[in-house]
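*Asks:* Got a structure here, written out as structure tokens. Questions coming.
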Amino acid sequence: MHAKVEEQFKISPYLVFFLVHSIQLGVGILGFQRVVAKTAQQDAWISVILAGASLNIVLWLMYRILRNKEGDVIWIQQQIFGKMIGGLLGTVWIVYFLAMSATVLRTYIEVVQVWMFPKMETWALSLAFLILTYYCLAGGFRVVAGICFFGVVLPMYLILGILFPLEFAHFYNLLPVMNHSAKDILLSAKDMSLSYIGFTTLFIYYPFIKNPQKSYKWAQFGILFTVLIYLMVMVTTLVFYSQEQLEKLIWATLTAWKIVQLPFVERFEYIGISSWAIVVLPNICLSVWAAGRAARSLTKMKQRPLTLFFLLLIFIATILLKGRTEIDVLNDMVGRVGFYIIYGYIPFLFIVNLIYERVKHK
Amino acid sequence: MFCLCLSLLSGCVQQEIVDDINLLTAIGYDLEEDDKVIGTAVVPVYDAEGKVSNIVYEAETRASKELRSKFNAESPDPFVSGKLEVALYSKKLAEQKGIIKLIDALERDPSIGSRVFLAVAATDVSEMIEAKYGDIDTGRYLSEILEHNSDRGILAETNFHSFIYSYHAIGEDPFLPLLVLNEDKVKIDGIALFKKDKMVGKLSDEYLFTFKVLKQKFSTNDVFTVNLNDDIYASVFNIKSRRKFSFENLNEVPEVTIHFSITAIIKEYSGTNITPAVIKEIEARMEKDLKKKSEHIISKIQDLNADTLGIGREVRGRTRDKWSNKRWDELYPSIKIKVVPDVKIRETGVVE
């Protein structure tokens, strides 16, 4: 009934660190500050930590749901809810993963268009990217995991770019600490959680991990690392910009990079944006792979034609989206759905699964 | 597959080759009658021998980006603003119209760097841009004057980012350097004080050093001279300065004390011997001088109701209540601001 993953297609548990971290760190980090700092202002860094901390619990729930199971979430849902509802829920996951990859790709193309090549056509970059994605996906999940590894390790030097703006830091911007109500800080934490989503792909690639429960600590480390980077960027942003200035900036991280001046390069943001392609690629690869794999579990069709079909869908979606407002709406929508999945559906699934396991044991 | 990507990616964007574009390095804005703005731009042209000549373009407009198309109409190559070094605003424009509308175009344009210098020109802007400063690109010349003086000299740190920062900051007003054209040289003539985006007053160049002391922490190689009496004077250099605020009565009418401590080395002394007593006197004189100048600066900015030193922002950081801009605006001109200087001479040079 359920296809077991062969041993040679599995990955080592420590790679989960890169899988979890790389998909969390996408295009969001280029401009999440404005949204998060809107309500909590100088206390936004607290929201970053709070939202990050809540993920630890979600991750624990996910591992608890997946424990002792041999399939992915699609299979689990069908076991628990039956063919019909389970299948429907599976479709939701697929659409969600596809929307996620389309959002990431289109937002990245927008950044390239606004910052580097205003005359670049959307379809050209989109096509190039998707062909590359297919090339990676053709190698199977182990290649995707490898891409995620490089997507984290190679652009590491960009962290230095976060430190340059500190030359103009005004640390008093962080004062007064905690003068916002708990409600404001939580509202900002909610906005922040939108940047953290994406690691739910774990539900799909879980059966591909050797000794999956051993990967738990690596997944936690991955999330911790993400939180640290977001925190660093957030604090730098808060001390670099004044509040009203930040409110106007769509890509605060990129604008901050404009201050970087190196003897051999006039503008750092061009290096940053180009390097970001390496960060975006694993993002798209992993979510398209997850969509393809989920569809395969659901329909028992071959994964390759499914993937091709999905890539075509993403390609069309990226071309159809035009301009800032539409991209913003999409980002917002995907974020919102992700939010409800993480904080609504996963706890729900956890409880149902608990009951299901009890009943089955008797 | 990689080759395919390469062949797909190249050639789909219009190329811009350095030789075939006009790299704008400095731009100046002046106000004409009936609200028209005159833009003057300068483009360096490098010839084969490495010599630089500057070509100046002038156009009249309302929107600053429209200038570019007007420049384009009279130029053989298209204009590109990615290499902009300096933007100058005439005193008249800064005083009457405010400059934020013109700055908005720079802020929105991703190709403009954050380290571009902004300055107010006290003399005619187009003359300053048209003037020949020798075998150097004009934009570079202007930006270098501002750059070394703000990095190591007596001009308080200033660039595009810091202007925008203070403009948007709550409880702080921006400032810009004030430039004058003196025959064939440009000189920093003081500080243009802003209230929001309008210039409301100026500090003359003798206050530059004191202003920097009040504004930020720094170290400089520039020299500060103290007169001990009519014919004895001392110069100190290698100055390190730190500044600290302290507040009393924060929740009603705050009383501010600005402490600054300066350490320096004696470079020149016209008297005979430097004794500890002389050092004490130099220190005391410097303290007195700085205090006097600081008080002048502070009373001036308070009269103009321009919070150039960012005292409002400091107060805001120390109070937990909701901040009210309006209340601060009313309060600021009347608050008490004290200055407590502390000067220490560390060394007396290599001779005794």
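Every chain in the structure tokens has a letter given in the order shown (A, B, ...), and although residue numbers restart at 1 in each chain, ligands are simply numbered from 1 in the order shown.
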Counting only C-alpha atoms, which residues of chain A sit at most 6 Å from some atom of chain B, and what is each one's closest atom pair with its distance in Å to one decimal, listed by chain and rising residue number, as JSON lines?
*Replies:*
```
{"residue": "A:Trp115", "atom": "CA", "partner": "B:Pro110", "partner_atom": "CA", "distance": 5.7}
{"residue": "A:Met120", "atom": "CA", "partner": "B:Val13", "partner_atom": "CA", "distance": 5.4}
{"residue": "A:Ala128", "atom": "CA", "partner": "B:Cys5", "partner_atom": "CA", "distance": 5.7}
{"residue": "A:Leu175", "atom": "CA", "partner": "B:Gly317", "partner_atom": "CA", "distance": 4.6}
{"residue": "A:Pro176", "atom": "CA", "partner": "B:Gly317", "partner_atom": "CA", "distance": 4.8}
{"residue": "A:Asn179", "atom": "CA", "partner": "B:Arg320", "partner_atom": "CA", "distance": 5.9}
{"residue": "A:Ser242", "atom": "CA", "partner": "B:Ala169", "partner_atom": "CA", "distance": 4.9}
{"residue": "A:Glu244", "atom": "CA", "partner": "B:His168", "partner_atom": "CA", "distance": 5.2}
{"residue": "A:Gln245", "atom": "CA", "partner": "B:His168", "partner_atom": "CA", "distance": 5.3}
{"residue": "A:Lys258", "atom": "CA", "partner": "B:Ser114", "partner_atom": "CA", "distance": 5.4}
{"residue": "A:Ile259", "atom": "CA", "partner": "B:Ser114", "partner_atom": "CA", "distance": 5.0}
```
*Asks:* Calculated over only C-alpha atoms, which of the candidates A:Trp251, A:Phe225, A:Tyr216, A:Phe310 has the smallest distance to Val95 of chain A?
*Replies:*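 Under the stated criterion, the closest residue is A:Phe310.
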*Asks:* Using backbone DSSP assignments, extract all strand (DSSP E) residues from segment 98-223 of chain B; output them as a ChimeraX atom specification.
*Replies:* /B:117-121,175-182,185-195,198-204,218-220
*Asks:* Give me the residues within 12 Å of His296 of chain B as a PyMOL selection string, counting only C-alpha atoms and dropping any in the same chain fewer than 6 places off.
*Replies:* chain B and resi 202-204+206-207+210-211+214+289-290+302-303+337-339
*Asks:* For the selection just defined, write its residues with all heavy atoms to a file, as a compact mmCIF listing (two decimals), in the first residue's frame.
*Replies:*
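Done, and the output landed in result09.txt:
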```txt
# COMPACT_ATOMS: atom_id res chain seq x y z
N LYS B 202 22.09 78.85 10.49
CA LYS B 202 23.41 78.28 10.25
C LYS B 202 24.34 78.52 11.43
O LYS B 202 24.13 79.45 12.23
CB LYS B 202 24.01 78.84 8.97
CG LYS B 202 24.35 80.31 9.03
CD LYS B 202 25.22 80.70 7.84
CE LYS B 202 26.70 80.69 8.23
NZ LYS B 202 27.58 81.41 7.32
N LEU B 203 25.34 77.66 11.52
CA LEU B 203 26.43 77.89 12.47
C LEU B 203 27.65 78.21 11.63
O LEU B 203 27.90 77.53 10.63
CB LEU B 203 26.69 76.62 13.29
CG LEU B 203 25.60 76.17 14.25
CD1 LEU B 203 25.96 74.79 14.79
CD2 LEU B 203 25.44 77.15 15.39
N SER B 204 28.40 79.23 12.01
CA SER B 204 29.55 79.56 11.17
C SER B 204 30.69 78.59 11.44
O SER B 204 30.65 77.78 12.37
CB SER B 204 29.98 81.00 11.41
OG SER B 204 30.32 81.14 12.77
N GLU B 206 33.56 78.60 12.75
CA GLU B 206 34.30 78.50 14.01
C GLU B 206 33.62 77.55 14.99
O GLU B 206 34.21 77.13 15.97
CB GLU B 206 34.47 79.90 14.64
CG GLU B 206 33.14 80.57 14.90
CD GLU B 206 33.30 81.99 15.43
OE1 GLU B 206 34.05 82.15 16.40
OE2 GLU B 206 32.69 82.91 14.85
N TYR B 207 32.36 77.21 14.71
CA TYR B 207 31.65 76.30 15.62
C TYR B 207 31.70 74.85 15.17
O TYR B 207 31.15 73.98 15.82
CB TYR B 207 30.20 76.73 15.77
CG TYR B 207 30.07 78.07 16.47
CD1 TYR B 207 29.77 79.21 15.74
CD2 TYR B 207 30.28 78.19 17.83
CE1 TYR B 207 29.68 80.45 16.36
CE2 TYR B 207 30.20 79.41 18.47
CZ TYR B 207 29.90 80.54 17.73
OH TYR B 207 29.82 81.74 18.34
N THR B 210 33.23 72.43 17.82
CA THR B 210 32.38 72.30 19.01
C THR B 210 31.11 71.54 18.68
O THR B 210 30.63 70.72 19.46
CB THR B 210 32.02 73.69 19.55
OG1 THR B 210 33.18 74.51 19.49
CG2 THR B 210 31.53 73.61 20.97
N PHE B 211 30.58 71.79 17.49
CA PHE B 211 29.37 71.09 17.08
C PHE B 211 29.62 69.59 17.01
O PHE B 211 28.81 68.78 17.45
CB PHE B 211 28.90 71.61 15.73
CG PHE B 211 27.65 70.97 15.24
CD1 PHE B 211 26.42 71.28 15.80
CD2 PHE B 211 27.68 70.04 14.21
CE1 PHE B 211 25.26 70.68 15.36
CE2 PHE B 211 26.53 69.43 13.76
CZ PHE B 211 25.32 69.76 14.34
N LEU B 214 29.67 68.11 20.43
CA LEU B 214 28.33 67.95 21.02
C LEU B 214 27.55 66.83 20.35
O LEU B 214 26.67 66.22 20.95
CB LEU B 214 27.54 69.26 20.86
CG LEU B 214 27.97 70.44 21.72
CD1 LEU B 214 27.22 71.67 21.30
CD2 LEU B 214 27.71 70.13 23.19
N ASP B 289 36.54 77.86 26.57
CA ASP B 289 36.24 78.17 25.17
C ASP B 289 35.13 77.27 24.62
O ASP B 289 34.15 77.72 24.02
CB ASP B 289 37.53 77.99 24.37
CG ASP B 289 37.39 78.58 22.98
OD1 ASP B 289 36.64 79.55 22.85
OD2 ASP B 289 38.02 78.05 22.05
N LEU B 290 35.30 75.95 24.87
CA LEU B 290 34.31 74.99 24.37
C LEU B 290 32.95 75.23 25.01
O LEU B 290 31.91 75.13 24.35
CB LEU B 290 34.77 73.57 24.67
CG LEU B 290 35.87 73.03 23.77
CD1 LEU B 290 36.41 71.73 24.33
CD2 LEU B 290 35.32 72.80 22.36
N GLN B 302 18.05 76.10 20.13
CA GLN B 302 16.80 76.16 20.90
C GLN B 302 15.92 77.30 20.40
O GLN B 302 14.70 77.16 20.30
CB GLN B 302 17.10 76.33 22.38
CG GLN B 302 17.38 75.00 23.06
CD GLN B 302 17.41 75.14 24.57
OE1 GLN B 302 18.14 75.97 25.09
NE2 GLN B 302 16.64 74.33 25.24
N ASP B 303 16.56 78.42 20.06
CA ASP B 303 15.79 79.55 19.51
C ASP B 303 15.10 79.15 18.21
O ASP B 303 13.98 79.55 17.93
CB ASP B 303 16.72 80.73 19.22
CG ASP B 303 17.08 81.46 20.51
OD1 ASP B 303 16.43 81.18 21.53
OD2 ASP B 303 18.02 82.28 20.48
N ILE B 337 19.59 73.32 29.23
CA ILE B 337 20.65 72.43 28.78
C ILE B 337 21.99 72.97 29.29
O ILE B 337 22.35 74.11 29.00
CB ILE B 337 20.68 72.34 27.24
CG1 ILE B 337 19.31 71.90 26.72
CG2 ILE B 337 21.75 71.36 26.78
CD1 ILE B 337 19.19 71.90 25.23
N LYS B 338 22.64 72.16 30.10
CA LYS B 338 23.93 72.56 30.66
C LYS B 338 25.05 71.82 29.95
O LYS B 338 24.86 70.71 29.47
CB LYS B 338 23.97 72.22 32.16
CG LYS B 338 23.57 73.37 33.05
CD LYS B 338 24.03 73.16 34.49
CE LYS B 338 23.98 71.73 34.96
NZ LYS B 338 23.93 71.55 36.39
N VAL B 339 26.22 72.42 29.92
CA VAL B 339 27.36 71.75 29.31
C VAL B 339 28.46 71.63 30.35
O VAL B 339 28.78 72.58 31.04
CB VAL B 339 27.88 72.57 28.11
CG1 VAL B 339 29.02 71.84 27.45
CG2 VAL B 339 26.77 72.84 27.14
```
*Asks:* What lies within 7 Å of Ile262 of chain B using only C-alpha atoms, ignoring chain neighbours under 6 positions off, as a list in words?
*Replies:* Ile239, Lys240, Ser241, Arg242, Asp342, Val343 and Lys344 of chain B
*Asks:* I need the residue nearest Trp60 of chain A from this list: A:Gly146, A:Ser215, A:Leu321, A:Val352. Use only C-alpha atoms for the distance.
*Replies:*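 Smallest separation from Trp60 of chain A among the options: A:Ser215.
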*Asks:* Any idea what's packed within 9 Å of Ile109 of chain A, counting only C-alpha atoms, ignoring anything in its chain fewer than 2 positions away? Could you give it as a list in words?
*Replies:*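 Contacts, in chain order: Val104, Leu105, Arg106, Thr107, Val111, Val112, Gln113, Val114, Thr122, Leu125, Ser126 and Thr318 of chain A.
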*Asks:* Would you mind exporting the chosen residues as a PDB file, in the first residue's frame, restricted to all heavy atoms?
*Replies:*
```
ATOM      1  N   VAL A 104       8.184  32.613  -3.421  1.00  0.00           N
ATOM      2  CA  VAL A 104       9.619  32.854  -3.241  1.00  0.00           C
ATOM      3  C   VAL A 104      10.252  33.270  -4.564  1.00  0.00           C
ATOM      4  O   VAL A 104      10.974  34.266  -4.649  1.00  0.00           O
ATOM      5  CB  VAL A 104      10.312  31.593  -2.687  1.00  0.00           C
ATOM      6  CG1 VAL A 104      11.816  31.774  -2.689  1.00  0.00           C
ATOM      7  CG2 VAL A 104       9.830  31.293  -1.287  1.00  0.00           C
ATOM      8  N   LEU A 105       9.923  32.526  -5.614  1.00  0.00           N
ATOM      9  CA  LEU A 105      10.540  32.810  -6.908  1.00  0.00           C
ATOM     10  C   LEU A 105      10.131  34.191  -7.408  1.00  0.00           C
ATOM     11  O   LEU A 105      10.960  34.996  -7.817  1.00  0.00           O
ATOM     12  CB  LEU A 105      10.127  31.739  -7.922  1.00  0.00           C
ATOM     13  CG  LEU A 105      10.735  31.890  -9.312  1.00  0.00           C
ATOM     14  CD1 LEU A 105      12.251  31.896  -9.240  1.00  0.00           C
ATOM     15  CD2 LEU A 105      10.273  30.774 -10.233  1.00  0.00           C
ATOM     16  N   ARG A 106       8.846  34.491  -7.325  1.00  0.00           N
ATOM     17  CA  ARG A 106       8.384  35.777  -7.863  1.00  0.00           C
ATOM     18  C   ARG A 106       8.946  36.934  -7.061  1.00  0.00           C
ATOM     19  O   ARG A 106       9.331  37.964  -7.624  1.00  0.00           O
ATOM     20  CB  ARG A 106       6.845  35.825  -7.864  1.00  0.00           C
ATOM     21  CG  ARG A 106       6.270  37.051  -8.552  1.00  0.00           C
ATOM     22  CD  ARG A 106       6.669  37.078 -10.018  1.00  0.00           C
ATOM     23  NE  ARG A 106       6.312  38.333 -10.689  1.00  0.00           N
ATOM     24  CZ  ARG A 106       7.105  39.393 -10.793  1.00  0.00           C
ATOM     25  NH1 ARG A 106       8.300  39.358 -10.258  1.00  0.00           N
ATOM     26  NH2 ARG A 106       6.707  40.486 -11.415  1.00  0.00           N
ATOM     27  N   THR A 107       9.032  36.773  -5.739  1.00  0.00           N
ATOM     28  CA  THR A 107       9.579  37.860  -4.913  1.00  0.00           C
ATOM     29  C   THR A 107      11.047  38.082  -5.245  1.00  0.00           C
ATOM     30  O   THR A 107      11.515  39.212  -5.331  1.00  0.00           O
ATOM     31  CB  THR A 107       9.428  37.538  -3.417  1.00  0.00           C
ATOM     32  OG1 THR A 107       8.100  37.071  -3.196  1.00  0.00           O
ATOM     33  CG2 THR A 107       9.664  38.751  -2.563  1.00  0.00           C
ATOM     34  N   VAL A 111      12.878  41.459  -6.682  1.00  0.00           N
ATOM     35  CA  VAL A 111      14.060  42.113  -6.121  1.00  0.00           C
ATOM     36  C   VAL A 111      15.083  42.384  -7.224  1.00  0.00           C
ATOM     37  O   VAL A 111      15.637  43.476  -7.337  1.00  0.00           O
ATOM     38  CB  VAL A 111      14.682  41.243  -5.007  1.00  0.00           C
ATOM     39  CG1 VAL A 111      16.036  41.790  -4.587  1.00  0.00           C
ATOM     40  CG2 VAL A 111      13.759  41.198  -3.810  1.00  0.00           C
ATOM     41  N   VAL A 112      15.311  41.380  -8.052  1.00  0.00           N
ATOM     42  CA  VAL A 112      16.273  41.556  -9.144  1.00  0.00           C
ATOM     43  C   VAL A 112      15.820  42.682 -10.075  1.00  0.00           C
ATOM     44  O   VAL A 112      16.610  43.527 -10.501  1.00  0.00           O
ATOM     45  CB  VAL A 112      16.446  40.240  -9.933  1.00  0.00           C
ATOM     46  CG1 VAL A 112      17.304  40.465 -11.161  1.00  0.00           C
ATOM     47  CG2 VAL A 112      17.082  39.183  -9.048  1.00  0.00           C
ATOM     48  N   GLN A 113      14.520  42.700 -10.348  1.00  0.00           N
ATOM     49  CA  GLN A 113      14.013  43.718 -11.271  1.00  0.00           C
ATOM     50  C   GLN A 113      14.115  45.120 -10.682  1.00  0.00           C
ATOM     51  O   GLN A 113      14.464  46.070 -11.371  1.00  0.00           O
ATOM     52  CB  GLN A 113      12.563  43.422 -11.645  1.00  0.00           C
ATOM     53  CG  GLN A 113      12.455  42.332 -12.688  1.00  0.00           C
ATOM     54  CD  GLN A 113      11.036  41.869 -12.880  1.00  0.00           C
ATOM     55  OE1 GLN A 113      10.202  42.025 -12.003  1.00  0.00           O
ATOM     56  NE2 GLN A 113      10.758  41.284 -14.031  1.00  0.00           N
ATOM     57  N   VAL A 114      13.785  45.251  -9.403  1.00  0.00           N
ATOM     58  CA  VAL A 114      13.797  46.586  -8.808  1.00  0.00           C
ATOM     59  C   VAL A 114      15.220  47.065  -8.567  1.00  0.00           C
ATOM     60  O   VAL A 114      15.550  48.218  -8.804  1.00  0.00           O
ATOM     61  CB  VAL A 114      12.997  46.602  -7.489  1.00  0.00           C
ATOM     62  CG1 VAL A 114      13.177  47.928  -6.770  1.00  0.00           C
ATOM     63  CG2 VAL A 114      11.538  46.369  -7.767  1.00  0.00           C
ATOM     64  N   THR A 122      10.186  39.031 -16.594  1.00  0.00           N
ATOM     65  CA  THR A 122       9.944  38.049 -15.548  1.00  0.00           C
ATOM     66  C   THR A 122      10.145  36.626 -16.066  1.00  0.00           C
ATOM     67  O   THR A 122      10.763  35.792 -15.412  1.00  0.00           O
ATOM     68  CB  THR A 122       8.514  38.183 -15.014  1.00  0.00           C
ATOM     69  OG1 THR A 122       8.303  39.528 -14.653  1.00  0.00           O
ATOM     70  CG2 THR A 122       8.288  37.294 -13.820  1.00  0.00           C
ATOM     71  N   LEU A 125      13.958  35.135 -16.314  1.00  0.00           N
ATOM     72  CA  LEU A 125      14.602  34.684 -15.083  1.00  0.00           C
ATOM     73  C   LEU A 125      13.850  33.496 -14.482  1.00  0.00           C
ATOM     74  O   LEU A 125      14.444  32.532 -14.002  1.00  0.00           O
ATOM     75  CB  LEU A 125      14.653  35.841 -14.083  1.00  0.00           C
ATOM     76  CG  LEU A 125      15.554  35.632 -12.874  1.00  0.00           C
ATOM     77  CD1 LEU A 125      16.954  35.273 -13.307  1.00  0.00           C
ATOM     78  CD2 LEU A 125      15.593  36.884 -12.016  1.00  0.00           C
ATOM     79  N   SER A 126      12.523  33.564 -14.566  1.00  0.00           N
ATOM     80  CA  SER A 126      11.704  32.487 -14.031  1.00  0.00           C
ATOM     81  C   SER A 126      12.010  31.167 -14.733  1.00  0.00           C
ATOM     82  O   SER A 126      12.215  30.134 -14.093  1.00  0.00           O
ATOM     83  CB  SER A 126      10.233  32.865 -14.187  1.00  0.00           C
ATOM     84  OG  SER A 126       9.417  31.816 -13.747  1.00  0.00           O
ATOM     85  N   THR A 318       4.174  32.830 -11.917  1.00  0.00           N
ATOM     86  CA  THR A 318       5.119  33.942 -11.782  1.00  0.00           C
ATOM     87  C   THR A 318       4.913  34.986 -12.879  1.00  0.00           C
ATOM     88  O   THR A 318       5.117  36.171 -12.656  1.00  0.00           O
ATOM     89  CB  THR A 318       6.590  33.466 -11.832  1.00  0.00           C
ATOM     90  OG1 THR A 318       6.751  32.624 -12.951  1.00  0.00           O
ATOM     91  CG2 THR A 318       6.973  32.748 -10.573  1.00  0.00           C
TER      92      THR A 318
END
```
*Asks:* Gly139 of chain A: which residues within 12 Å, counting only C-alpha atoms, same-chain residues fewer than 6 positions away excluded, as a PyMOL selection string?
*Replies:* chain A and resi 9+132-133+145-147+285+289+303-304
*Asks:* Those same residues, written as a short mmCIF file (atom, residue, chain, number, x, y, z; two decimals), in the first residue's frame with C-alpha atoms?
*Replies:*
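Result saved to again-v3.cif:
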```cif
data_model
loop_
_atom_site.label_atom_id
_atom_site.label_comp_id
_atom_site.auth_asym_id
_atom_site.auth_seq_id
_atom_site.Cartn_x
_atom_site.Cartn_y
_atom_site.Cartn_z
CA PHE A 9 17.80 7.21 -0.99
CA LEU A 132 17.73 24.76 -12.90
CA THR A 133 15.21 23.55 -10.33
CA ALA A 145 19.38 17.96 0.47
CA GLY A 146 22.81 18.70 -0.97
CA ILE A 147 21.54 21.92 -2.55
CA CYS A 285 13.77 22.98 -4.97
CA TRP A 289 10.04 18.47 -4.43
CA GLN A 303 6.96 11.83 -9.58
CA ARG A 304 8.77 13.14 -12.67
#
```
*Asks:* Please identify which residues in segment 137-273 of chain A DSSP calls helix (DSSP H, G or I) from the backbone, and express them as a PyMOL selection string.
*Replies:* chain A and resi 137+141-168+171-174+182-196+199-208+212-240+243-248+252-257+268-273
*Asks:* Quick one: residues within 8 Å of segment 260-264 of chain A, only C-alpha atoms, excluding same-chain residues fewer than 5 positions away - as number ranges by chain?
*Replies:* A: 161, 164-165
*Asks:* Distance atom CA of Asp137 of chain B-atom CA of Ile100 of chain B, one decimal place?
*Replies:* 26.8 Å
